[in-house]
>>> print(open('work-v3.cif').read())   # mmCIF, C-alpha atoms and all ligand atoms
data_target
#
loop_
_atom_site.label_atom_id
_atom_site.label_comp_id
_atom_site.auth_asym_id
_atom_site.auth_seq_id
_atom_site.Cartn_x
_atom_site.Cartn_y
_atom_site.Cartn_z
CA MET A 1208 -77.10 30.24 22.82
CA SER A 1209 -77.67 26.68 23.96
CA PHE A 1210 -75.95 23.35 23.42
CA ASP A 1211 -76.96 19.73 23.67
CA LEU A 1212 -73.92 18.99 25.82
CA ILE A 1213 -71.20 21.05 27.52
CA VAL A 1214 -67.98 19.48 28.80
CA LYS A 1215 -66.97 22.02 31.40
CA GLY A 1216 -63.61 23.13 32.72
CA GLY A 1217 -61.46 20.32 31.35
CA THR A 1218 -57.75 20.60 30.58
CA LEU A 1219 -57.00 20.10 26.87
CA PRO A 1220 -53.83 18.21 25.81
CA ASP A 1221 -52.14 21.55 24.99
CA GLY A 1222 -52.67 22.74 28.57
CA ARG A 1223 -55.54 25.19 27.94
CA THR A 1224 -58.57 25.03 30.23
CA ALA A 1225 -61.78 25.23 28.23
CA ASP A 1226 -65.49 24.53 28.03
CA ILE A 1227 -66.54 22.51 24.99
CA GLY A 1228 -70.05 23.12 23.62
CA ILE A 1229 -71.58 20.37 21.50
CA THR A 1230 -74.57 20.67 19.18
CA GLY A 1231 -75.80 17.48 17.56
CA GLU A 1232 -72.75 15.54 16.38
CA THR A 1233 -70.46 18.56 16.11
CA ILE A 1234 -68.17 20.59 18.37
CA ALA A 1235 -69.86 24.01 18.19
CA ALA A 1236 -67.66 26.00 20.57
CA ILE A 1237 -64.42 25.80 22.55
CA GLU A 1238 -64.10 28.80 24.88
CA PRO A 1239 -62.40 29.54 28.20
CA ARG A 1240 -65.91 29.82 29.63
CA LEU A 1241 -69.34 29.13 28.09
CA ASP A 1242 -72.31 30.65 29.90
CA ALA A 1243 -75.07 28.84 28.09
CA GLU A 1244 -77.88 26.38 28.60
CA ALA A 1245 -77.22 22.75 27.80
CA GLY A 1246 -79.16 19.49 27.75
CA ARG A 1247 -76.40 18.00 29.89
CA VAL A 1248 -73.27 19.39 31.52
CA ILE A 1249 -70.27 17.19 32.30
CA ASP A 1250 -67.96 18.59 34.98
CA ALA A 1251 -64.42 17.88 33.75
CA SER A 1252 -62.61 20.39 35.97
CA GLY A 1253 -59.13 19.13 36.79
CA ASP A 1254 -59.45 16.32 34.26
CA LEU A 1255 -57.88 15.84 30.84
CA VAL A 1256 -60.20 16.16 27.83
CA SER A 1257 -58.74 14.58 24.72
CA ALA A 1258 -59.70 13.62 21.20
CA PRO A 1259 -60.60 9.93 21.16
CA PHE A 1260 -58.04 7.14 20.99
CA VAL A 1261 -57.47 5.63 17.57
CA ASP A 1262 -56.00 2.21 16.71
CA PRO A 1263 -54.70 1.95 13.14
CA HIS A 1264 -53.66 -1.71 13.38
CA PHE A 1265 -55.84 -4.47 14.74
CA HIS A 1266 -57.14 -7.99 13.95
CA MET A 1267 -60.79 -8.03 14.90
CA ASP A 1268 -61.50 -11.38 13.22
CA ALA A 1269 -59.08 -13.08 15.64
CA THR A 1270 -59.67 -11.10 18.83
CA LEU A 1271 -60.93 -12.83 21.99
CA SER A 1272 -60.11 -16.25 20.51
CA TYR A 1273 -57.15 -16.91 22.84
CA GLY A 1274 -56.87 -20.63 23.61
CA LEU A 1275 -58.92 -21.71 20.57
CA PRO A 1276 -58.12 -24.38 19.62
CA ARG A 1277 -54.89 -24.24 21.67
CA ILE A 1278 -52.26 -21.80 22.96
CA ASN A 1279 -49.21 -20.58 20.99
CA ALA A 1280 -46.42 -22.57 22.71
CA SER A 1281 -43.38 -20.94 21.05
CA GLY A 1282 -44.75 -17.38 21.11
CA THR A 1283 -43.54 -16.83 17.55
CA LEU A 1284 -45.30 -15.11 14.65
CA LEU A 1285 -45.06 -18.27 12.56
CA GLU A 1286 -46.69 -20.52 15.15
CA GLY A 1287 -49.39 -17.87 15.59
CA ILE A 1288 -50.10 -17.95 11.84
CA ALA A 1289 -50.19 -21.78 11.90
CA LEU A 1290 -52.51 -21.75 14.93
CA TRP A 1291 -54.83 -19.25 13.24
CA GLY A 1292 -54.84 -21.62 10.25
CA GLU A 1293 -56.09 -24.40 12.55
CA LEU A 1294 -58.81 -22.16 13.97
CA LYS A 1295 -60.01 -20.70 10.64
CA PRO A 1296 -62.01 -23.73 9.42
CA LEU A 1297 -63.77 -23.83 12.82
CA LEU A 1298 -64.91 -20.20 12.73
CA THR A 1299 -68.58 -19.38 12.37
CA HIS A 1300 -70.09 -16.13 11.17
CA GLU A 1301 -71.95 -15.71 14.48
CA ALA A 1302 -68.89 -16.36 16.67
CA VAL A 1303 -66.66 -13.93 14.74
CA LYS A 1304 -69.33 -11.25 14.89
CA GLU A 1305 -70.07 -11.78 18.56
CA ARG A 1306 -66.39 -11.57 19.55
CA ALA A 1307 -65.87 -8.47 17.39
CA LEU A 1308 -68.89 -6.72 18.88
CA ALA A 1309 -67.77 -7.64 22.42
CA TYR A 1310 -64.35 -6.14 21.62
CA CYS A 1311 -66.02 -2.97 20.30
CA ASP A 1312 -67.80 -2.64 23.67
CA TRP A 1313 -64.40 -2.79 25.38
CA ALA A 1314 -63.07 -0.23 22.91
CA VAL A 1315 -65.88 2.23 23.61
CA SER A 1316 -65.34 1.88 27.36
CA MET A 1317 -61.67 2.82 26.79
CA GLY A 1318 -62.44 5.83 24.58
CA LEU A 1319 -61.13 4.00 21.50
CA LEU A 1320 -63.49 5.26 18.81
CA ALA A 1321 -61.68 4.53 15.52
CA ILE A 1322 -60.10 1.21 14.57
CA ARG A 1323 -58.47 -0.07 11.40
CA THR A 1324 -58.73 -3.84 11.42
CA HIS A 1325 -57.14 -6.28 9.04
CA VAL A 1326 -59.45 -9.07 7.95
CA ASP A 1327 -58.05 -12.35 6.66
CA THR A 1328 -58.96 -12.92 3.01
CA CYS A 1329 -57.33 -16.37 2.78
CA ASP A 1330 -60.61 -18.23 3.13
CA ASP A 1331 -62.73 -19.23 0.17
CA ARG A 1332 -65.86 -18.58 2.25
CA LEU A 1333 -64.71 -15.04 3.16
CA LEU A 1334 -66.63 -15.65 6.35
CA ALA A 1335 -64.72 -13.13 8.48
CA VAL A 1336 -65.02 -10.48 5.74
CA GLU A 1337 -68.81 -10.88 5.69
CA ALA A 1338 -69.02 -10.83 9.50
CA LEU A 1339 -66.82 -7.73 9.89
CA LEU A 1340 -68.66 -5.85 7.12
CA GLU A 1341 -71.81 -6.36 9.22
CA VAL A 1342 -69.96 -5.27 12.37
CA ARG A 1343 -68.69 -2.13 10.56
CA LYS A 1344 -72.30 -1.19 9.79
CA GLU A 1345 -73.60 -1.96 13.28
CA VAL A 1346 -70.93 0.04 15.14
CA ALA A 1347 -70.93 2.95 12.65
CA PRO A 1348 -73.02 5.15 14.99
CA TYR A 1349 -70.16 5.11 17.55
CA ILE A 1350 -66.94 3.62 16.05
CA ASP A 1351 -65.17 4.44 12.77
CA LEU A 1352 -64.20 0.95 11.64
CA GLN A 1353 -61.95 0.52 8.58
CA LEU A 1354 -61.34 -2.93 7.12
CA VAL A 1355 -58.09 -3.95 5.41
CA ALA A 1356 -58.10 -6.89 2.97
CA PHE A 1357 -55.28 -8.96 4.44
CA PRO A 1358 -54.01 -12.09 2.65
CA GLN A 1359 -52.61 -13.66 5.85
CA ASP A 1360 -51.21 -16.78 4.17
CA GLY A 1361 -49.53 -14.82 1.35
CA PHE A 1362 -51.03 -13.06 -1.68
CA TYR A 1363 -49.18 -15.51 -4.01
CA ARG A 1364 -48.24 -18.22 -1.51
CA ASP A 1365 -51.88 -19.14 -0.83
CA PRO A 1366 -53.41 -20.49 -4.08
CA THR A 1367 -56.68 -18.50 -3.91
CA ALA A 1368 -55.58 -15.47 -1.87
CA ARG A 1369 -55.27 -13.18 -4.88
CA GLU A 1370 -58.77 -13.91 -6.12
CA ASN A 1371 -60.28 -13.73 -2.62
CA THR A 1372 -58.53 -10.48 -1.75
CA ILE A 1373 -59.97 -8.87 -4.87
CA ARG A 1374 -63.42 -10.31 -4.03
CA ALA A 1375 -63.18 -8.81 -0.54
CA LEU A 1376 -62.41 -5.39 -2.03
CA ASP A 1377 -65.41 -5.78 -4.36
CA MET A 1378 -67.54 -6.49 -1.27
CA GLY A 1379 -66.61 -3.11 0.22
CA VAL A 1380 -63.44 -3.63 2.25
CA ASP A 1381 -61.78 -0.20 2.58
CA VAL A 1382 -58.00 -0.68 2.43
CA VAL A 1383 -55.53 -2.92 0.55
CA GLY A 1384 -53.23 -5.04 2.75
CA GLY A 1385 -50.39 -7.48 2.16
CA ILE A 1386 -47.68 -9.55 3.83
CA PRO A 1387 -44.64 -9.50 1.52
CA HIS A 1388 -42.22 -11.05 4.06
CA PHE A 1389 -44.41 -14.19 4.21
CA GLU A 1390 -44.41 -14.85 0.44
CA ARG A 1391 -42.22 -17.76 -0.72
CA THR A 1392 -39.33 -15.62 -1.96
CA MET A 1393 -38.05 -12.07 -1.68
CA ALA A 1394 -38.94 -11.67 -5.36
CA ASP A 1395 -42.54 -12.77 -4.77
CA GLY A 1396 -42.73 -10.37 -1.83
CA THR A 1397 -41.57 -7.53 -4.07
CA ARG A 1398 -44.03 -8.50 -6.79
CA SER A 1399 -46.89 -8.65 -4.27
CA VAL A 1400 -46.16 -5.09 -3.10
CA THR A 1401 -46.24 -3.89 -6.71
CA GLU A 1402 -49.49 -5.60 -7.64
CA LEU A 1403 -51.29 -4.69 -4.40
CA CYS A 1404 -50.29 -1.02 -4.74
CA GLN A 1405 -51.52 -1.05 -8.34
CA ILE A 1406 -54.86 -2.49 -7.21
CA ALA A 1407 -55.14 0.28 -4.61
CA ALA A 1408 -54.24 2.99 -7.13
CA GLU A 1409 -56.81 1.72 -9.64
CA ARG A 1410 -59.55 1.65 -7.01
CA GLY A 1411 -58.58 4.90 -5.25
CA LEU A 1412 -57.94 3.04 -1.99
CA ARG A 1413 -55.37 3.36 0.76
CA VAL A 1414 -52.66 0.76 1.39
CA ASP A 1415 -51.68 -0.72 4.76
CA MET A 1416 -49.29 -3.63 4.62
CA HIS A 1417 -47.80 -5.87 7.23
CA CYS A 1418 -44.28 -5.15 6.06
CA ASP A 1419 -41.02 -6.78 7.15
CA GLU A 1420 -42.43 -8.19 10.41
CA THR A 1421 -39.26 -10.18 10.98
CA ASP A 1422 -35.85 -9.86 12.63
CA ASP A 1423 -34.20 -10.54 9.26
CA PRO A 1424 -32.26 -7.37 8.36
CA MET A 1425 -32.39 -8.36 4.69
CA SER A 1426 -36.19 -8.08 4.64
CA ARG A 1427 -36.42 -4.78 2.74
CA HIS A 1428 -39.94 -4.76 1.30
CA ILE A 1429 -40.44 -1.28 2.76
CA GLU A 1430 -38.12 -0.12 -0.03
CA GLN A 1431 -40.53 -1.42 -2.69
CA LEU A 1432 -43.53 -0.01 -0.82
CA VAL A 1433 -41.91 3.43 -0.87
CA TYR A 1434 -40.98 3.05 -4.54
CA GLU A 1435 -44.53 2.08 -5.57
CA THR A 1436 -45.98 4.92 -3.51
CA GLN A 1437 -43.82 7.34 -5.49
CA ARG A 1438 -44.46 5.70 -8.86
CA LEU A 1439 -48.24 5.53 -8.44
CA GLY A 1440 -48.66 8.90 -6.72
CA LEU A 1441 -50.07 7.37 -3.53
CA HIS A 1442 -48.39 9.97 -1.28
CA GLY A 1443 -49.91 10.17 2.20
CA ARG A 1444 -52.13 7.14 1.55
CA VAL A 1445 -49.72 4.29 2.33
CA ASN A 1446 -48.81 2.87 5.74
CA GLY A 1447 -46.13 0.33 6.57
CA SER A 1448 -47.15 -1.74 9.60
CA HIS A 1449 -44.55 -3.27 11.93
CA LEU A 1450 -41.33 -2.64 9.90
CA THR A 1451 -39.50 -4.60 12.60
CA SER A 1452 -36.66 -5.71 10.32
CA MET A 1453 -35.51 -2.09 10.36
CA HIS A 1454 -34.44 -2.64 14.00
CA SER A 1455 -31.77 -5.03 12.71
CA MET A 1456 -30.89 -3.33 9.41
CA ASP A 1457 -27.53 -1.84 8.55
CA ASN A 1458 -27.34 1.78 9.72
CA TYR A 1459 -26.04 3.07 6.39
CA TYR A 1460 -28.95 1.51 4.52
CA VAL A 1461 -31.46 3.03 6.98
CA SER A 1462 -29.88 6.45 6.50
CA LYS A 1463 -30.83 6.18 2.82
CA LEU A 1464 -34.25 4.62 3.46
CA LEU A 1465 -35.77 7.06 5.95
CA PRO A 1466 -35.54 10.19 3.74
CA MET A 1467 -37.18 8.18 0.92
CA MET A 1468 -40.04 7.22 3.24
CA ALA A 1469 -40.46 10.86 4.25
CA GLU A 1470 -40.42 11.99 0.61
CA ALA A 1471 -43.16 9.50 -0.35
CA GLN A 1472 -45.13 10.36 2.83
CA VAL A 1473 -45.30 6.68 3.77
CA SER A 1474 -46.33 6.46 7.42
CA ALA A 1475 -45.25 3.79 9.89
CA CYS A 1476 -47.19 1.86 12.48
CA PRO A 1477 -45.15 -0.20 14.93
CA ASN A 1478 -47.16 -2.31 17.37
CA PRO A 1479 -45.08 -2.14 20.56
CA LEU A 1480 -46.87 -4.75 22.70
CA ILE A 1481 -46.67 -7.34 19.96
CA ASN A 1482 -43.24 -6.39 18.59
CA ILE A 1483 -41.56 -6.69 22.00
CA VAL A 1484 -43.28 -10.04 22.60
CA ILE A 1485 -42.82 -11.65 19.17
CA GLN A 1486 -39.51 -10.33 17.82
CA GLY A 1487 -36.18 -11.62 19.08
CA ARG A 1488 -37.61 -15.08 19.77
CA HIS A 1489 -34.80 -16.72 17.80
CA ASP A 1490 -32.09 -14.75 19.64
CA THR A 1491 -30.09 -15.95 22.59
CA TYR A 1492 -28.45 -12.99 24.42
CA PRO A 1493 -28.22 -10.15 23.72
CA LYS A 1494 -31.89 -10.34 22.63
CA ARG A 1495 -33.14 -7.72 20.19
CA ARG A 1496 -36.15 -5.55 21.07
CA GLY A 1497 -37.32 -5.78 17.48
CA MET A 1498 -39.44 -2.63 17.39
CA THR A 1499 -38.74 -0.35 14.43
CA ARG A 1500 -36.75 2.90 14.75
CA VAL A 1501 -39.40 5.27 16.06
CA PRO A 1502 -37.38 8.34 17.24
CA GLU A 1503 -35.24 8.19 14.10
CA MET A 1504 -38.32 8.12 11.86
CA LEU A 1505 -39.92 11.03 13.71
CA LYS A 1506 -36.68 12.98 13.32
CA ALA A 1507 -36.73 12.26 9.58
CA GLY A 1508 -40.24 13.76 9.32
CA ILE A 1509 -42.11 10.47 8.93
CA ARG A 1510 -45.57 10.16 10.44
CA VAL A 1511 -45.54 7.40 13.07
CA GLY A 1512 -48.41 5.95 15.07
CA PHE A 1513 -48.67 3.08 17.53
CA GLY A 1514 -51.08 0.19 16.92
CA GLN A 1515 -52.42 -2.46 19.23
CA ASP A 1516 -52.47 -5.37 16.74
CA CYS A 1517 -53.76 -8.12 19.03
CA VAL A 1518 -55.93 -8.70 22.08
CA LEU A 1519 -56.33 -12.28 23.36
CA ASP A 1520 -55.64 -14.10 20.10
CA PRO A 1521 -53.17 -16.64 18.63
CA TRP A 1522 -50.34 -14.08 18.85
CA TYR A 1523 -50.92 -12.33 22.19
CA PRO A 1524 -52.35 -13.60 25.49
CA LEU A 1525 -53.21 -10.18 27.03
CA GLY A 1526 -54.73 -6.83 26.07
CA THR A 1527 -57.68 -4.64 27.10
CA ALA A 1528 -58.32 -2.24 24.17
CA ASP A 1529 -56.31 0.38 26.05
CA MET A 1530 -54.27 2.56 23.68
CA LEU A 1531 -52.52 4.04 26.74
CA ASP A 1532 -51.05 0.56 27.38
CA VAL A 1533 -49.83 0.59 23.78
CA ALA A 1534 -48.23 4.04 24.05
CA PHE A 1535 -46.79 3.17 27.49
CA MET A 1536 -45.01 0.12 26.08
CA GLY A 1537 -43.98 2.07 22.97
CA LEU A 1538 -42.27 4.83 24.93
CA HIS A 1539 -40.38 2.27 27.02
CA VAL A 1540 -39.17 0.18 24.09
CA ALA A 1541 -38.25 3.29 22.06
CA GLN A 1542 -36.72 4.95 25.16
CA MET A 1543 -38.84 8.05 24.48
CA THR A 1544 -38.80 9.28 28.08
CA SER A 1545 -38.19 13.04 27.74
CA PRO A 1546 -41.31 15.14 28.50
CA ALA A 1547 -41.64 16.11 24.82
CA ASP A 1548 -41.21 12.50 23.67
CA MET A 1549 -43.78 11.17 26.15
CA ARG A 1550 -46.21 13.86 25.05
CA LYS A 1551 -45.56 12.79 21.44
CA CYS A 1552 -46.45 9.19 22.36
CA PHE A 1553 -49.86 10.39 23.57
CA ASP A 1554 -50.36 12.27 20.28
CA MET A 1555 -49.38 9.14 18.37
CA VAL A 1556 -52.31 7.12 19.79
CA THR A 1557 -54.76 9.98 19.16
CA ALA A 1558 -54.05 12.57 16.42
CA GLU A 1559 -51.26 10.78 14.53
CA ASN A 1560 -53.18 7.51 14.35
CA ALA A 1561 -56.24 9.41 13.11
CA ALA A 1562 -54.11 11.01 10.39
CA ILE A 1563 -52.74 7.60 9.33
CA MET A 1564 -56.34 6.42 8.88
CA GLY A 1565 -57.30 9.63 7.03
CA LEU A 1566 -59.90 10.60 9.65
CA ASP A 1567 -59.91 14.38 9.20
CA HIS A 1568 -63.16 14.75 11.14
CA LEU A 1569 -61.57 13.81 14.49
CA GLY A 1570 -59.86 16.34 16.79
CA LEU A 1571 -60.72 18.90 19.44
CA GLU A 1572 -61.61 21.78 17.12
CA VAL A 1573 -64.77 23.73 16.38
CA GLY A 1574 -66.55 22.15 13.42
CA LYS A 1575 -65.07 18.68 13.97
CA ARG A 1576 -67.03 15.68 15.12
CA ALA A 1577 -68.01 15.76 18.79
CA SER A 1578 -66.08 12.67 19.86
CA LEU A 1579 -63.87 12.99 22.92
CA VAL A 1580 -62.70 11.36 26.12
CA VAL A 1581 -62.51 12.72 29.68
CA LEU A 1582 -59.62 11.09 31.53
CA ASP A 1583 -58.84 10.92 35.25
CA ALA A 1584 -55.48 12.67 34.77
CA GLY A 1585 -54.18 16.23 34.71
CA ASN A 1586 -52.26 16.06 31.42
CA PRO A 1587 -51.28 13.61 28.66
CA VAL A 1588 -48.10 12.38 30.37
CA GLU A 1589 -49.99 11.72 33.59
CA ALA A 1590 -52.62 9.85 31.56
CA LEU A 1591 -49.84 7.61 30.27
CA ARG A 1592 -48.29 7.10 33.69
CA LEU A 1593 -51.60 6.19 35.32
CA ARG A 1594 -53.11 4.47 32.26
CA ALA A 1595 -55.89 6.78 33.43
CA GLU A 1596 -59.52 5.79 33.80
CA ARG A 1597 -61.93 7.02 31.15
CA LEU A 1598 -64.54 8.96 33.09
CA PHE A 1599 -66.69 9.94 30.10
CA VAL A 1600 -66.57 8.86 26.47
CA VAL A 1601 -68.52 10.98 23.98
CA SER A 1602 -69.07 9.76 20.42
CA ARG A 1603 -70.89 11.86 17.83
CA GLY A 1604 -72.23 14.10 20.60
CA LYS A 1605 -73.62 11.28 22.74
CA VAL A 1606 -72.23 10.04 26.06
CA VAL A 1607 -71.56 6.37 25.22
CA ALA A 1608 -69.64 5.35 28.36
CA GLU A 1609 -69.08 6.75 31.83
CA ARG A 1610 -67.76 5.65 35.21
CA PRO A 1611 -67.34 7.36 38.58
CA LYS A 1612 -63.95 8.42 39.95
CA ARG A 1613 -62.86 5.89 42.49
CA PRO A 1614 -60.11 6.90 44.91
CA THR A 1615 -58.64 4.09 46.98
CA ARG A 1616 -59.53 4.36 50.67
CA LEU A 1617 -56.58 3.94 53.01
CA ALA A 1618 -56.65 2.63 56.56
CA LEU A 1619 -53.29 3.89 57.80
CA PRO A 1620 -52.84 5.69 61.11
CA GLY A 1621 -51.80 9.33 60.61
CA ARG A 1622 -52.06 9.13 56.80
CA PRO A 1623 -54.76 10.54 54.47
CA ALA A 1624 -58.05 8.66 54.14
CA GLU A 1625 -57.83 8.43 50.33
CA VAL A 1626 -55.12 8.15 47.68
CA VAL A 1627 -55.44 8.93 43.94
CA ARG A 1628 -51.81 8.72 42.69
CA ARG A 1629 -52.01 11.98 40.75
CA HIS A 1630 -48.87 14.10 41.03
CA THR A 1631 -48.21 17.73 40.20
CA LEU A 1632 -44.67 18.28 38.97
CA PRO A 1633 -42.69 20.90 40.94
ZN ZN B 1 -51.10 -7.27 12.38
#
>>> encode(input="work-v3.cif", output="structure tokens")
Amino acid sequence: MSFDLIVKGGTLPDGRTADIGITGETIAAIEPRLDAEAGRVIDASGDLVSAPFVDPHFHMDATLSYGLPRINASGTLLEGIALWGELKPLLTHEAVKERALAYCDWAVSMGLLAIRTHVDTCDDRLLAVEALLEVRKEVAPYIDLQLVAFPQDGFYRDPTARENTIRALDMGVDVVGGIPHFERTMADGTRSVTELCQIAAERGLRVDMHCDETDDPMSRHIEQLVYETQRLGLHGRVNGSHLTSMHSMDNYYVSKLLPMMAEAQVSACPNPLINIVIQGRHDTYPKRRGMTRVPEMLKAGIRVGFGQDCVLDPWYPLGTADMLDVAFMGLHVAQMTSPADMRKCFDMVTAENAAIMGLDHLGLEVGKRASLVVLDAGNPVEALRLRAERLFVVSRGKVVAERPKRPTRLALPGRPAEVVRRHTLP
């Protein structure tokens, strides 16, 4: 027996030590020990081998545009949207594509191999849609890129958004998006959820809406999203992004809402870095965190992932395509600090995010696609603590990124010569 690639001796997220044999683009074997020839052998002994990171919520048409044409002074969502509106007419096809491809390079280096990006459809030229459709094709050999038709300025509020969103779907955009809390009235928001879900049902597409991204506890569009999912039989195909208003909702109402979400299999994708930065901006003290109710949703049986949302754009001045940063912030804001909860946060940025995107081919199992990451950490919680380096990134059986381990050299009398900051629990 021989393989194209063997990843040897790594620790899997469940704690097993295993050799992973890869043939072509597929995981052909996972055994405690593989004695076989291989085109290349990666020594992963002592290191964590994980399924790739997945980001189910991103804005690739805006990424790496921070400072263009100016910086968001208030830090609010609404100024970010206004700023993006100033930048939009200045965008060129080439610039959008170049920034998106540069971001995809960062993503690969961080082991982030599947991304769902919203693309703004409120532009009669649909320039970003065209650019990102080309990017989707170019990165297909190494990144699963899903596009969401996203009417940023409101499906009804913007005069041509409806028509342009439908055009974008005709052009091959994968998922139906929306922004009900930004429509002119609650009623318009409700109506937009209904029509967008109908469009998705007719076309056999998934739905992923920016939903209730506000501190207003009366923003309850998630209720309509759940209702339409039930009515149209879209179970397991609908995701509610952000859902920040739920942080501020009445507890009794939430106790009714969460079981309905679970019943309709509507998943949730908070974006911790962005939620903690953008929500609560109108508060004095005490200042709300604004992130949705993650532990409560998990307890109710709702699938929850963590998304990144923004990197260096009108809404967020930082970011490095590191889903461990996202999970790290998420576990702090949600106070998910028990060992089991921290472990869950790692799963959320890998397996759970993949499930939200419907990517059944990802995962460390025989027969699945040979995409994985070797991390400079002993286990998932340590990977989170260290925001561990990606030593090897394998996509579709090919090593697409690698870097050497780099311990820090110390010059301290009587102390070790090197430090790595790994720690074995007693
Ligand atoms: Zn977003």
>>> residues_near_ligand(input="work-v3.cif", ligand="ligand ZN 1 (chain B)", cutoff="9 Å", atoms="only C-alpha atoms and all ligand atoms", output="ChimeraX atom specification")
/A:1264-1266,1324-1325,1416-1417,1420,1448-1449,1478,1481,1514-1517
>>> residues_around(input="work-v3.cif", residues="Ala1335 of chain A", least_positions_apart="4", cutoff="9 Å", atoms="only C-alpha atoms", output="ChimeraX atom specification")
/A:1268,1298-1300,1303-1304,1326-1328,1330,1339-1340
>>> closest_residue(input="work-v3.cif", among="A:Ala1562, A:Pro1466, A:Gly1621, A:Gly1287", to="Tyr1273 of chain A", atoms="only C-alpha atoms")
A:Gly1287
>>> residues_around(input="work-v3.cif", residues="Asp1360 of chain A", least_positions_apart="3", cutoff="9 Å", atoms="all atoms listed in the file", output="ChimeraX atom specification")
/A:1288,1292,1327-1329,1357,1363-1365,1368,1386,1389-1390
>>> closest_residue(input="work-v3.cif", among="A:Arg1413, A:Arg1510, A:Lys1575, A:Arg1496", to="Leu1439 of chain A", atoms="all atoms listed in the file")
A:Arg1413
